[in-house]
Structures are given as C-alpha cells and as structure tokens.
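The file coords-v1.txt contains compact mmCIF, C-alpha atoms:
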```txt
# COMPACT_ATOMS: atom_id res chain seq x y z
CA MET K 1 0.00 0.00 0.00
CA LEU K 2 1.16 3.52 -0.75
CA GLU K 3 0.92 6.29 1.77
CA ILE K 4 -0.07 9.65 0.32
CA GLU K 5 1.08 12.33 2.68
CA VAL K 6 1.33 16.11 2.54
CA LYS K 7 2.84 18.27 5.26
CA SER K 8 2.50 22.04 5.67
CA HIS K 9 4.04 24.49 8.09
CA CYS K 10 1.31 26.16 10.12
CA ASP K 11 1.27 29.42 12.09
CA ASP K 12 -2.04 28.85 13.86
CA LEU K 13 -2.72 25.24 14.88
CA GLU K 14 -5.67 26.30 17.07
CA LEU K 15 -7.51 27.81 14.10
CA VAL K 16 -6.94 24.66 12.02
CA GLU K 17 -8.23 22.51 14.89
CA LYS K 18 -11.33 24.73 15.28
CA THR K 19 -12.08 24.48 11.54
CA LEU K 20 -11.54 20.69 11.61
CA ARG K 21 -14.07 20.33 14.44
CA GLU K 22 -16.61 22.53 12.63
CA LYS K 23 -16.29 20.41 9.50
CA GLY K 24 -17.03 17.22 11.45
CA GLY K 25 -13.46 16.05 12.11
CA ARG K 26 -13.28 13.34 14.76
CA LEU K 27 -10.53 13.47 17.41
CA ILE K 28 -8.51 10.23 17.41
CA GLY K 29 -6.04 11.03 20.16
CA VAL K 30 -3.21 13.12 21.57
CA GLU K 31 0.19 11.45 21.93
CA ARG K 32 3.79 12.26 22.76
CA GLN K 33 5.97 10.60 20.13
CA VAL K 34 9.71 10.09 20.45
CA ASP K 35 11.32 8.99 17.19
CA LEU K 36 14.80 7.58 16.81
CA TYR K 37 16.14 7.61 13.25
CA LEU K 38 18.71 4.93 12.53
CA SER K 39 21.67 5.17 10.18
CA HIS K 40 22.67 2.23 7.96
CA PRO K 41 26.19 0.75 8.33
CA MET K 42 26.95 1.02 4.59
CA ARG K 43 24.28 3.18 3.02
CA ASP K 44 23.62 6.92 3.38
CA PHE K 45 19.85 7.19 3.92
CA ALA K 46 19.99 10.93 3.17
CA SER K 47 21.26 10.14 -0.36
CA THR K 48 18.99 7.15 -0.97
CA ASP K 49 15.95 9.05 0.42
CA GLU K 50 15.08 6.22 2.78
CA ALA K 51 14.39 6.26 6.51
CA LEU K 52 14.36 3.72 9.32
CA ARG K 53 12.64 4.83 12.48
CA ILE K 54 11.95 3.38 15.92
CA ARG K 55 8.96 5.15 17.48
CA ARG K 56 8.09 5.26 21.17
CA ASP K 57 4.47 6.27 21.40
CA GLY K 58 3.39 6.20 25.05
CA GLU K 59 3.36 2.49 25.91
CA LYS K 60 3.50 1.41 22.27
CA ALA K 61 6.56 0.91 20.09
CA SER K 62 7.05 0.32 16.37
CA ILE K 63 9.60 0.24 13.60
CA THR K 64 8.97 1.88 10.24
CA TYR K 65 10.88 1.69 6.98
CA LYS K 66 10.20 4.43 4.44
CA GLY K 67 11.33 3.98 0.85
CA PRO K 68 12.36 6.76 -1.56
CA LYS K 69 9.65 9.30 -2.42
CA ILE K 70 8.06 8.49 -5.79
CA ASP K 71 5.98 11.60 -6.46
CA ARG K 72 7.08 15.21 -6.93
CA GLU K 73 4.29 17.09 -5.16
CA THR K 74 3.70 14.88 -2.13
CA LYS K 75 5.67 12.63 0.21
CA THR K 76 4.23 9.47 -1.36
CA ARG K 77 6.49 6.46 -0.72
CA GLU K 78 6.50 2.84 0.33
CA GLU K 79 5.99 2.53 4.07
CA LEU K 80 6.38 -0.65 6.12
CA ARG K 81 5.36 -0.46 9.77
CA VAL K 82 5.66 -3.24 12.34
CA GLU K 83 4.63 -3.01 15.98
CA VAL K 84 7.19 -4.36 18.44
CA SER K 85 7.14 -5.44 22.08
CA SER K 86 10.20 -3.40 23.13
CA ALA K 87 11.72 -0.31 21.52
CA ASP K 88 14.79 -0.58 23.79
CA ASP K 89 15.58 -4.17 22.79
CA LEU K 90 14.96 -3.48 19.10
CA GLU K 91 17.29 -0.47 19.26
CA LEU K 92 19.93 -2.77 20.77
CA VAL K 93 19.41 -5.36 17.98
CA PHE K 94 20.06 -2.68 15.34
CA ARG K 95 23.11 -1.37 17.22
CA ARG K 96 24.53 -4.90 17.27
CA LEU K 97 23.93 -5.09 13.49
CA GLY K 98 26.07 -1.97 12.99
CA PHE K 99 23.32 0.62 12.71
CA GLY K 100 23.80 3.99 14.43
CA ILE K 101 21.57 6.79 15.64
CA GLY K 102 21.05 9.38 12.90
CA GLY K 103 18.74 11.69 14.80
CA ARG K 104 15.93 12.15 17.25
CA VAL K 105 12.58 13.91 16.83
CA GLU K 106 10.13 14.60 19.66
CA LYS K 107 6.65 15.95 19.14
CA GLU K 108 3.15 16.23 20.55
CA ARG K 109 0.74 14.92 17.92
CA THR K 110 -3.03 15.54 17.95
CA THR K 111 -4.77 13.37 15.36
CA TYR K 112 -8.14 13.91 13.69
CA SER K 113 -9.97 11.82 11.09
CA ILE K 114 -12.04 13.49 8.39
CA GLY K 115 -13.31 12.18 5.02
CA GLY K 116 -10.85 9.27 4.84
CA VAL K 117 -7.90 11.48 5.73
CA LEU K 118 -5.86 11.44 8.93
CA VAL K 119 -4.92 14.98 9.95
CA CYS K 120 -2.05 15.30 12.44
CA LEU K 121 -1.48 18.58 14.28
CA ASP K 122 2.19 18.41 15.27
CA LYS K 123 4.08 20.56 17.78
CA VAL K 124 7.67 19.58 17.01
CA GLU K 125 10.38 20.31 19.60
CA GLY K 126 12.87 22.84 18.29
CA LEU K 127 11.05 23.25 14.97
CA GLY K 128 7.53 24.66 15.36
CA ASP K 129 4.03 23.66 14.31
CA PHE K 130 2.97 21.59 11.31
CA VAL K 131 -0.09 19.87 9.86
CA GLU K 132 0.42 16.48 8.25
CA MET K 133 -2.31 14.87 6.16
CA GLU K 134 -2.36 11.21 5.24
CA TYR K 135 -4.64 9.43 2.80
CA GLU K 136 -4.17 5.70 2.81
CA GLY K 137 -5.25 3.85 -0.28
CA ASP K 138 -4.21 2.65 -3.71
CA ASP K 139 -5.66 5.49 -5.80
CA LEU K 140 -2.88 8.11 -5.97
CA VAL K 141 -4.91 10.54 -8.12
CA LYS K 142 -7.99 10.48 -5.90
CA GLY K 143 -5.88 10.70 -2.74
CA LYS K 144 -4.14 13.87 -3.94
CA GLU K 145 -7.47 15.47 -4.89
CA VAL K 146 -8.96 14.73 -1.47
CA ILE K 147 -5.92 16.05 0.36
CA PHE K 148 -5.50 19.25 -1.68
CA SER K 149 -9.19 20.07 -1.29
CA LEU K 150 -8.88 19.59 2.48
CA MET K 151 -5.78 21.79 2.63
CA LYS K 152 -7.71 24.59 0.93
CA ALA K 153 -10.60 24.22 3.39
CA LEU K 154 -8.17 24.45 6.32
CA GLY K 155 -6.33 27.45 4.91
CA LEU K 156 -3.04 25.55 4.56
CA LYS K 157 -0.48 26.47 1.91
CA GLY K 158 2.69 24.85 0.64
CA SER K 159 3.93 21.28 0.77
CA GLU K 160 7.00 20.63 2.90
CA ARG K 161 8.57 17.47 1.49
CA ARG K 162 11.48 17.41 3.91
CA SER K 163 11.13 15.30 7.04
CA TYR K 164 11.24 16.77 10.55
CA LEU K 165 14.65 15.14 10.85
CA GLU K 166 15.93 16.90 7.71
CA LEU K 167 14.49 20.23 8.90
CA LEU K 168 16.13 19.82 12.32
CA GLU K 169 19.48 18.92 10.70
CA LYS K 170 19.22 21.97 8.43
CA GLY K 171 18.59 24.19 11.47
CA LYS K 172 21.85 22.99 13.02
CA ARG K 173 23.95 24.11 10.06
CA PRO K 174 24.70 27.85 10.09
CA GLY K 175 23.95 29.98 7.01
CA GLN K 176 21.18 27.79 5.55
CA MET E 177 20.56 -11.60 30.65
CA LEU E 178 22.56 -14.56 29.45
CA GLU E 179 20.96 -17.63 28.01
CA ILE E 180 22.60 -20.90 29.03
CA GLU E 181 21.70 -23.52 26.50
CA VAL E 182 22.83 -27.05 25.74
CA LYS E 183 21.64 -29.13 22.82
CA SER E 184 22.04 -32.89 22.34
CA HIS E 185 21.18 -35.19 19.49
CA CYS E 186 18.63 -37.77 20.64
CA ASP E 187 17.67 -41.19 19.24
CA ASP E 188 14.58 -41.71 21.37
CA LEU E 189 12.54 -38.57 22.06
CA GLU E 190 9.63 -40.65 23.41
CA LEU E 191 11.78 -42.13 26.17
CA VAL E 192 13.09 -38.68 27.13
CA GLU E 193 9.51 -37.35 27.25
CA LYS E 194 8.38 -40.30 29.39
CA THR E 195 11.27 -39.72 31.84
CA LEU E 196 10.54 -35.99 31.95
CA ARG E 197 6.89 -36.65 32.88
CA GLU E 198 7.92 -39.17 35.56
CA LYS E 199 10.28 -36.61 37.09
CA GLY E 200 7.52 -34.00 37.32
CA GLY E 201 8.18 -32.07 34.12
CA ARG E 202 5.29 -29.78 33.16
CA LEU E 203 4.17 -29.59 29.51
CA ILE E 204 4.26 -25.99 28.27
CA GLY E 205 3.12 -26.52 24.70
CA VAL E 206 3.59 -28.01 21.24
CA GLU E 207 4.33 -25.62 18.39
CA ARG E 208 5.35 -25.64 14.75
CA GLN E 209 8.17 -23.12 14.33
CA VAL E 210 9.37 -21.76 11.01
CA ASP E 211 12.64 -19.83 11.31
CA LEU E 212 14.14 -17.58 8.68
CA TYR E 213 17.81 -16.77 9.17
CA LEU E 214 18.88 -13.45 7.68
CA SER E 215 22.25 -12.62 6.18
CA HIS E 216 23.89 -9.23 6.80
CA PRO E 217 24.74 -7.01 3.78
CA MET E 218 28.38 -6.52 4.83
CA ARG E 219 29.10 -9.03 7.58
CA ASP E 220 29.42 -12.82 7.42
CA PHE E 221 27.41 -14.08 10.40
CA ALA E 222 29.04 -17.53 10.04
CA SER E 223 32.46 -15.94 10.73
CA THR E 224 31.30 -13.54 13.44
CA ASP E 225 29.27 -16.30 15.14
CA GLU E 226 26.13 -14.13 15.22
CA ALA E 227 22.61 -14.89 14.05
CA LEU E 228 19.53 -12.89 13.16
CA ARG E 229 16.30 -14.84 13.00
CA ILE E 230 12.66 -14.12 12.20
CA ARG E 231 10.45 -16.78 13.81
CA ARG E 232 6.89 -17.63 12.82
CA ASP E 233 5.37 -19.53 15.70
CA GLY E 234 1.73 -20.25 14.94
CA GLU E 235 0.07 -16.82 15.10
CA LYS E 236 3.04 -15.24 16.87
CA ALA E 237 6.13 -13.68 15.31
CA SER E 238 9.43 -12.45 16.71
CA ILE E 239 12.92 -11.35 15.81
CA THR E 240 15.97 -12.58 17.69
CA TYR E 241 19.58 -11.46 17.59
CA LYS E 242 22.18 -13.87 18.96
CA GLY E 243 25.67 -12.66 19.71
CA PRO E 244 28.87 -14.72 19.55
CA LYS E 245 29.07 -17.71 21.91
CA ILE E 246 31.12 -16.85 25.01
CA ASP E 247 31.57 -20.26 26.63
CA ARG E 248 33.32 -23.38 25.32
CA GLU E 249 31.03 -26.12 26.59
CA THR E 250 27.59 -24.58 26.07
CA LYS E 251 25.88 -22.27 23.62
CA THR E 252 25.85 -19.37 26.09
CA ARG E 253 25.55 -16.01 24.30
CA GLU E 254 23.77 -12.68 24.34
CA GLU E 255 20.23 -13.03 23.07
CA LEU E 256 17.84 -10.20 22.26
CA ARG E 257 14.27 -11.13 21.40
CA VAL E 258 11.48 -8.79 20.34
CA GLU E 259 7.93 -9.80 19.50
CA VAL E 260 6.57 -8.24 16.33
CA SER E 261 3.11 -7.76 14.82
CA SER E 262 4.01 -9.13 11.37
CA ALA E 263 6.81 -11.49 10.32
CA ASP E 264 6.07 -10.80 6.63
CA ASP E 265 6.41 -7.03 6.95
CA LEU E 266 9.53 -7.29 9.14
CA GLU E 267 11.12 -9.64 6.57
CA LEU E 268 10.38 -7.00 3.91
CA VAL E 269 11.94 -4.25 6.05
CA PHE E 270 15.17 -6.26 6.32
CA ARG E 271 15.15 -7.06 2.59
CA ARG E 272 14.86 -3.32 1.85
CA LEU E 273 17.85 -2.73 4.17
CA GLY E 274 19.97 -5.12 2.09
CA PHE E 275 19.67 -8.24 4.24
CA GLY E 276 19.19 -11.59 2.50
CA ILE E 277 17.85 -14.99 3.44
CA GLY E 278 20.63 -17.21 4.76
CA GLY E 279 18.55 -20.26 5.54
CA ARG E 280 15.31 -21.73 6.78
CA VAL E 281 14.66 -24.19 9.62
CA GLU E 282 11.31 -25.86 10.31
CA LYS E 283 10.60 -27.93 13.37
CA GLU E 284 7.96 -29.27 15.72
CA ARG E 285 8.89 -28.24 19.25
CA THR E 286 7.42 -29.78 22.41
CA THR E 287 8.39 -27.78 25.47
CA TYR E 288 8.54 -28.90 29.11
CA SER E 289 9.52 -26.99 32.23
CA ILE E 290 11.41 -28.75 35.04
CA GLY E 291 13.45 -27.33 37.91
CA GLY E 292 13.98 -23.90 36.33
CA VAL E 293 15.02 -25.39 33.00
CA LEU E 294 13.09 -25.30 29.74
CA VAL E 295 13.46 -28.58 27.88
CA CYS E 296 12.57 -28.54 24.18
CA LEU E 297 12.01 -31.80 22.31
CA ASP E 298 12.66 -30.86 18.68
CA LYS E 299 11.80 -32.79 15.52
CA VAL E 300 13.75 -30.86 12.91
CA GLU E 301 12.85 -31.27 9.24
CA GLY E 302 15.66 -32.86 7.28
CA LEU E 303 17.88 -33.24 10.35
CA GLY E 304 16.38 -35.52 13.02
CA ASP E 305 15.54 -35.27 16.72
CA PHE E 306 17.23 -33.14 19.36
CA VAL E 307 16.75 -32.06 22.96
CA GLU E 308 17.56 -28.46 23.80
CA MET E 309 17.83 -27.30 27.41
CA GLU E 310 17.73 -23.67 28.47
CA TYR E 311 18.47 -22.21 31.88
CA GLU E 312 17.75 -18.51 32.08
CA GLY E 313 19.55 -16.60 34.77
CA ASP E 314 22.67 -14.69 35.67
CA ASP E 315 24.56 -17.49 37.42
CA LEU E 316 26.51 -19.25 34.66
CA VAL E 317 28.12 -21.81 37.04
CA LYS E 318 24.86 -22.82 38.69
CA GLY E 319 23.04 -22.96 35.32
CA LYS E 320 25.59 -25.37 33.89
CA GLU E 321 25.41 -27.62 36.97
CA VAL E 322 21.61 -27.77 36.79
CA ILE E 323 21.64 -28.53 33.08
CA PHE E 324 24.37 -31.20 33.15
CA SER E 325 22.65 -32.96 36.05
CA LEU E 326 19.37 -32.96 34.09
CA MET E 327 21.11 -34.32 30.98
CA LYS E 328 22.43 -37.23 33.00
CA ALA E 329 18.97 -37.97 34.42
CA LEU E 330 17.49 -37.97 30.91
CA GLY E 331 20.24 -40.17 29.47
CA LEU E 332 21.49 -37.49 27.09
CA LYS E 333 25.10 -37.35 25.96
CA GLY E 334 27.19 -34.83 24.12
CA SER E 335 26.73 -31.12 23.51
CA GLU E 336 26.03 -30.03 19.94
CA ARG E 337 27.18 -26.41 19.75
CA ARG E 338 26.31 -25.98 16.09
CA SER E 339 22.92 -24.47 15.26
CA TYR E 340 20.27 -26.37 13.29
CA LEU E 341 21.06 -24.00 10.43
CA GLU E 342 24.77 -24.92 10.52
CA LEU E 343 23.93 -28.63 10.69
CA LEU E 344 21.53 -28.33 7.73
CA GLU E 345 24.15 -26.41 5.73
CA LYS E 346 26.75 -29.07 6.52
CA GLY E 347 24.36 -31.78 5.29
CA LYS E 348 24.11 -30.02 1.92
CA ARG E 349 27.85 -30.16 1.31
CA PRO E 350 29.06 -33.53 0.05
CA GLY E 351 31.92 -35.32 1.78
CA GLN E 352 31.47 -33.79 5.25
```

Would you put the structure from the file into structure tokens?
Amino acid sequence: MLEIEVKSHCDDLELVEKTLREKGGRLIGVERQVDLYLSHPMRDFASTDEALRIRRDGEKASITYKGPKIDRETKTREELRVEVSSADDLELVFRRLGFGIGGRVEKERTTYSIGGVLVCLDKVEGLGDFVEMEYEGDDLVKGKEVIFSLMKALGLKGSERRSYLELLEKGKRPGQ
Amino acid sequence: MLEIEVKSHCDDLELVEKTLREKGGRLIGVERQVDLYLSHPMRDFASTDEALRIRRDGEKASITYKGPKIDRETKTREELRVEVSSADDLELVFRRLGFGIGGRVEKERTTYSIGGVLVCLDKVEGLGDFVEMEYEGDDLVKGKEVIFSLMKALGLKGSERRSYLELLEKGKRPGQ
C-alpha cells in the first residue's frame, strides 16, 4: 500500500483545529511521540531518500521503513510499519547489526480523522508547528485530490517534502 | 541476561519425554516453528558467530539477535528477542535494508519446564531429533550444573554447539 502524505508548516494550529471540528473532524487522540532515526552501516539514507525509524508512542513501540519518495508534489512512498514489544531491545538489535543513531525527533501529535484522511497537528520540539495529512489507499490521483481540497478548506499552503529530521538537521547548520 | 543452553542429538525422544513426565516435568506446549535466518549485507554471520532470526510460531512472530558464543562447553551467548506484529512485513523491512535470506529451519517443538530449566524436544525437518535445554539466569556456574545434572537424568550425551542451520548447511555439502 502507498501512503499519500502532505505536510504544511502552520502558524495557527488552534484555528486549524477549530475548523476541523466545525467540518465534522473526529478526534482520534493526543500522543507524545519520540522517534529515533537509525543510520545504515553502509548506506547513506539521506542520499537514498530512505528512513528507518523506531517510534516510542506512550506504551507502544514500532519500527517503520520508508522507501524513496516516488511523487514530486507529495511525500508518497513505500511505508512498512511493524509493531514491536520493546523499543529498547529493538534499538539494541540494530546497534549490534552496525546501525547507528542518525537523529531524534520529539513531538506532541493531535490526530483527527475526516473524510478518509488522517490529519495530524504536530508541535515539534525545536522546529515549530505543522499539519500532516495522510490518505491511505491505492488510488494516488484520488488521494491527492482529497488532500489538496482539504488543505484549501483548512487554509493551509505549501507542501513541505522534507522530514522533521531533515528540517532539524538543516537548522543545526549555520547559514542555511 | 545470558541464556545458558545445551543441545544434544537424541535417538529416542519418546523415552526422554516419558522420563521428563515421571520426574515432574510440566508440559508448556507443542508448536510448529518456522525460522528464517537473515544474512547481513556486509558481515558474514558464520564468521562472526552471530545470528539474526525471524520466527513464525503459529500466530506469533518475533525477531531474535544472537551474539557470539562466550563459553566453550555450552551455547551461552547474548540473546535479544522482540515480539513483532508481522513477520512478513519485518522480513520485507530487512530485505529493503539489504539483508538476504541465509537459511530456513522448520521444526515441531514440544516444550517442558522442570526445575527452572526449559526442555525442548525438537523434531527438525531434514535433520532428526534433538533435545535443547535452556536455563535462564545470571549465574553461569549454577546454570551449567543444573543442566548437566538434568542431561544425565534424561540419558542425554554430548553437547552439539552448532545451530540447526549450521547442521543443515553441513548436510548439503558432500563429503562432510
């Protein structure tokens, strides 16, 4: 399955949340997510446009592989997600296999569901506020239509294709 | 935690099972286990004496990393085990990361518990019958004593330090 995802920077998360509620958006939950991005022992994920992430999500833990983006306007890419019984032990397995820690992203995520789209209101530590929209399905054309129409309704502009990790890394380098 | 493990080839599993029951062994379960051993993209696990295994165990699935053996007489080594929600998806994640399939082991495992030791009666496809004993704890000396005393009581001789995978691989090569 492909994941069609668009992310936009947002100056007023409260207004977006108010509009979502008015339009019938259903609150799914509020979570604190701590993501560890792993580096490959012989491959530069930044060059190959892949990502490997261990997520701690309250009591839950998962590992996600993201393949290279395959669409110019959105963040569409292959995504494989597996829930695991222990993030700590899995991190140790990957360290033993020669993987390193490429970065760390912490955020508070408030998730709504509306018209087949998951809308995540993200407060990202050290980066600011963003809205991420996900349409899960096989129809790429329809998914993009649904998402772009929703963005318009919520007053969101621009598609940020870079990950939070890339944006955080960029912030660390002076003069960029 | 260290895992202290001894494995012996066995010509009469039924006799061992009968003795186990007479001595108060408690049946834990009977399972069909299908193990996939992964190969590392830049490291030869056979040389480094490591193993990475995805196990399908009925409805359950897990990944296990085993470090190099650290004791001459037993199979004692670091073992990290994480339960996962999907063996298929996890296998795909590792394939995407450049890992390959190094081998496959299928067996029927009947597990008993007796005196702090797990005793597994294994019928391994293409290889024969084995008894594997595991003592889990921090006291390596005590664990070995307990296990060797149990082996004697069950009429088991010899410690096979090679894994089922190694034994299957050996069987494929002529003249060995």

Pull the closest atom pair for each residue of chain E that gets at most 6 Å from chain K, along with the distance in Å to one decimal, counting all atoms listed in the file, ordering rows by chain and then ascending residue number, as JSON lines.
```
{"residue": "E:Val258", "atom": "CA", "partner": "K:Ser85", "partner_atom": "CA", "distance": 5.8}
{"residue": "E:Glu259", "atom": "CA", "partner": "K:Ser85", "partner_atom": "CA", "distance": 5.1}
{"residue": "E:Val260", "atom": "CA", "partner": "K:Val84", "partner_atom": "CA", "distance": 4.5}
{"residue": "E:Ser261", "atom": "CA", "partner": "K:Glu83", "partner_atom": "CA", "distance": 5.1}
```

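Nearest-residue note for Asp49 of chain K: choosing from K:Asp12, K:Phe99, K:Ser163, K:Leu168, the minimum distance belongs to K:Ser163, counting all atoms listed in the file.
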
Could I have chain E as a short mmCIF file (atom, residue, chain, number, x, y, z; two decimals) with C-alpha atoms, in the frame of the given file after it is superimposed on chain K by least squares, pairing all C-alpha atoms in sequence order?
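Output below, filename result_36.cif:
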```cif
data_model
loop_
_atom_site.label_atom_id
_atom_site.label_comp_id
_atom_site.auth_asym_id
_atom_site.auth_seq_id
_atom_site.Cartn_x
_atom_site.Cartn_y
_atom_site.Cartn_z
CA MET E 177 -0.07 -0.01 0.01
CA LEU E 178 1.10 3.49 -0.74
CA GLU E 179 0.90 6.27 1.76
CA ILE E 180 -0.10 9.64 0.32
CA GLU E 181 1.06 12.33 2.67
CA VAL E 182 1.33 16.10 2.55
CA LYS E 183 2.84 18.26 5.25
CA SER E 184 2.50 22.03 5.67
CA HIS E 185 4.03 24.47 8.08
CA CYS E 186 1.30 26.15 10.13
CA ASP E 187 1.26 29.42 12.11
CA ASP E 188 -2.05 28.84 13.88
CA LEU E 189 -2.74 25.23 14.89
CA GLU E 190 -5.67 26.31 17.08
CA LEU E 191 -7.52 27.82 14.13
CA VAL E 192 -6.93 24.68 12.04
CA GLU E 193 -8.24 22.52 14.91
CA LYS E 194 -11.32 24.75 15.32
CA THR E 195 -12.06 24.50 11.56
CA LEU E 196 -11.55 20.74 11.62
CA ARG E 197 -14.08 20.35 14.45
CA GLU E 198 -16.59 22.59 12.66
CA LYS E 199 -16.28 20.47 9.52
CA GLY E 200 -17.01 17.27 11.44
CA GLY E 201 -13.47 16.08 12.09
CA ARG E 202 -13.30 13.34 14.73
CA LEU E 203 -10.56 13.45 17.40
CA ILE E 204 -8.55 10.22 17.39
CA GLY E 205 -6.06 11.01 20.13
CA VAL E 206 -3.22 13.09 21.56
CA GLU E 207 0.16 11.42 21.91
CA ARG E 208 3.76 12.25 22.74
CA GLN E 209 5.96 10.58 20.12
CA VAL E 210 9.69 10.08 20.44
CA ASP E 211 11.31 8.97 17.17
CA LEU E 212 14.80 7.59 16.78
CA TYR E 213 16.14 7.62 13.23
CA LEU E 214 18.72 4.93 12.53
CA SER E 215 21.67 5.18 10.18
CA HIS E 216 22.68 2.23 7.97
CA PRO E 217 26.22 0.78 8.33
CA MET E 218 26.98 1.02 4.60
CA ARG E 219 24.28 3.17 3.04
CA ASP E 220 23.61 6.91 3.38
CA PHE E 221 19.85 7.17 3.91
CA ALA E 222 20.00 10.92 3.15
CA SER E 223 21.26 10.11 -0.38
CA THR E 224 19.00 7.11 -0.99
CA ASP E 225 15.97 9.00 0.38
CA GLU E 226 15.10 6.16 2.77
CA ALA E 227 14.42 6.22 6.49
CA LEU E 228 14.37 3.70 9.31
CA ARG E 229 12.65 4.81 12.47
CA ILE E 230 11.96 3.37 15.92
CA ARG E 231 8.96 5.14 17.47
CA ARG E 232 8.09 5.25 21.16
CA ASP E 233 4.46 6.25 21.40
CA GLY E 234 3.38 6.18 25.03
CA GLU E 235 3.39 2.47 25.91
CA LYS E 236 3.51 1.40 22.27
CA ALA E 237 6.58 0.89 20.09
CA SER E 238 7.08 0.29 16.38
CA ILE E 239 9.63 0.22 13.60
CA THR E 240 8.99 1.84 10.24
CA TYR E 241 10.90 1.65 6.98
CA LYS E 242 10.22 4.37 4.41
CA GLY E 243 11.36 3.94 0.85
CA PRO E 244 12.36 6.71 -1.57
CA LYS E 245 9.65 9.25 -2.43
CA ILE E 246 8.05 8.44 -5.79
CA ASP E 247 5.98 11.56 -6.46
CA ARG E 248 7.09 15.18 -6.92
CA GLU E 249 4.33 17.05 -5.13
CA THR E 250 3.69 14.83 -2.11
CA LYS E 251 5.67 12.59 0.20
CA THR E 252 4.23 9.42 -1.35
CA ARG E 253 6.49 6.40 -0.72
CA GLU E 254 6.52 2.78 0.33
CA GLU E 255 6.03 2.46 4.06
CA LEU E 256 6.41 -0.70 6.12
CA ARG E 257 5.40 -0.54 9.77
CA VAL E 258 5.71 -3.29 12.36
CA GLU E 259 4.67 -3.04 16.00
CA VAL E 260 7.23 -4.37 18.45
CA SER E 261 7.19 -5.43 22.10
CA SER E 262 10.23 -3.36 23.13
CA ALA E 263 11.75 -0.27 21.52
CA ASP E 264 14.81 -0.53 23.80
CA ASP E 265 15.62 -4.11 22.82
CA LEU E 266 14.98 -3.45 19.11
CA GLU E 267 17.31 -0.42 19.26
CA LEU E 268 19.96 -2.71 20.78
CA VAL E 269 19.46 -5.30 18.02
CA PHE E 270 20.10 -2.64 15.37
CA ARG E 271 23.14 -1.30 17.25
CA ARG E 272 24.59 -4.84 17.32
CA LEU E 273 23.99 -5.04 13.54
CA GLY E 274 26.11 -1.92 13.01
CA PHE E 275 23.34 0.66 12.71
CA GLY E 276 23.82 4.03 14.42
CA ILE E 277 21.58 6.82 15.63
CA GLY E 278 21.07 9.41 12.91
CA GLY E 279 18.74 11.71 14.79
CA ARG E 280 15.92 12.14 17.24
CA VAL E 281 12.56 13.90 16.83
CA GLU E 282 10.11 14.59 19.66
CA LYS E 283 6.63 15.92 19.14
CA GLU E 284 3.13 16.20 20.52
CA ARG E 285 0.71 14.89 17.91
CA THR E 286 -3.04 15.52 17.93
CA THR E 287 -4.79 13.36 15.36
CA TYR E 288 -8.17 13.91 13.68
CA SER E 289 -9.99 11.83 11.09
CA ILE E 290 -12.06 13.53 8.37
CA GLY E 291 -13.33 12.22 5.04
CA GLY E 292 -10.87 9.30 4.84
CA VAL E 293 -7.91 11.50 5.71
CA LEU E 294 -5.88 11.46 8.90
CA VAL E 295 -4.92 14.98 9.92
CA CYS E 296 -2.07 15.30 12.43
CA LEU E 297 -1.50 18.58 14.26
CA ASP E 298 2.17 18.40 15.27
CA LYS E 299 4.07 20.53 17.78
CA VAL E 300 7.65 19.56 17.03
CA GLU E 301 10.35 20.31 19.59
CA GLY E 302 12.86 22.81 18.29
CA LEU E 303 11.05 23.23 14.97
CA GLY E 304 7.52 24.64 15.35
CA ASP E 305 4.01 23.62 14.31
CA PHE E 306 2.97 21.58 11.29
CA VAL E 307 -0.10 19.87 9.87
CA GLU E 308 0.41 16.48 8.25
CA MET E 309 -2.32 14.88 6.15
CA GLU E 310 -2.38 11.21 5.23
CA TYR E 311 -4.67 9.46 2.77
CA GLU E 312 -4.23 5.71 2.78
CA GLY E 313 -5.32 3.89 -0.33
CA ASP E 314 -4.29 2.68 -3.74
CA ASP E 315 -5.70 5.54 -5.81
CA LEU E 316 -2.91 8.13 -5.96
CA VAL E 317 -4.92 10.60 -8.12
CA LYS E 318 -8.00 10.52 -5.91
CA GLY E 319 -5.89 10.74 -2.72
CA LYS E 320 -4.15 13.89 -3.92
CA GLU E 321 -7.47 15.52 -4.89
CA VAL E 322 -8.97 14.78 -1.48
CA ILE E 323 -5.93 16.09 0.35
CA PHE E 324 -5.48 19.29 -1.68
CA SER E 325 -9.18 20.11 -1.29
CA LEU E 326 -8.88 19.63 2.48
CA MET E 327 -5.77 21.84 2.62
CA LYS E 328 -7.68 24.63 0.94
CA ALA E 329 -10.58 24.28 3.39
CA LEU E 330 -8.16 24.47 6.33
CA GLY E 331 -6.28 27.47 4.93
CA LEU E 332 -3.01 25.57 4.57
CA LYS E 333 -0.45 26.48 1.94
CA GLY E 334 2.67 24.86 0.62
CA SER E 335 3.92 21.29 0.78
CA GLU E 336 7.00 20.63 2.91
CA ARG E 337 8.56 17.47 1.48
CA ARG E 338 11.47 17.42 3.89
CA SER E 339 11.12 15.28 7.02
CA TYR E 340 11.22 16.77 10.53
CA LEU E 341 14.64 15.13 10.84
CA GLU E 342 15.92 16.90 7.70
CA LEU E 343 14.49 20.22 8.88
CA LEU E 344 16.11 19.82 12.32
CA GLU E 345 19.44 18.92 10.70
CA LYS E 346 19.21 21.97 8.45
CA GLY E 347 18.58 24.18 11.49
CA LYS E 348 21.84 22.96 13.04
CA ARG E 349 23.94 24.09 10.09
CA PRO E 350 24.71 27.81 10.11
CA GLY E 351 23.98 29.94 7.06
CA GLN E 352 21.16 27.83 5.60
#
```

Using only C-alpha atoms, which protein or nucleic acid residues come within 8 Å of segment 207-210 of chain E? Drop anything in the same chain fewer than 5 positions from it, and give the result as JSON, numbers by chain. {"E": [231, 232, 233, 234, 280, 281, 282, 283, 284, 285, 286]}

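Residues with any atom within 9 Å of Thr287 of chain E, counting all atoms listed in the file and excluding same-chain neighbours fewer than 4 positions away, are E:Arg202, E:Leu203, E:Ile204, E:Gly205, E:Val206, E:Glu207, E:Leu294, E:Val295, E:Cys296, E:Leu297, E:Asp298.
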
Pick out the residues sitting within 10 Å of segment 290-292 of chain E, and hand them over as a list in words; count all atoms listed in the file, and ignore anything fewer than 5 positions along from it in its own chain. Leu196, Arg197, Lys199, Gly200, Gly201, Arg202, Leu203, Glu310, Tyr311, Glu312, Gly313, Gly319, Val322, Ile323 and Leu326 of chain E
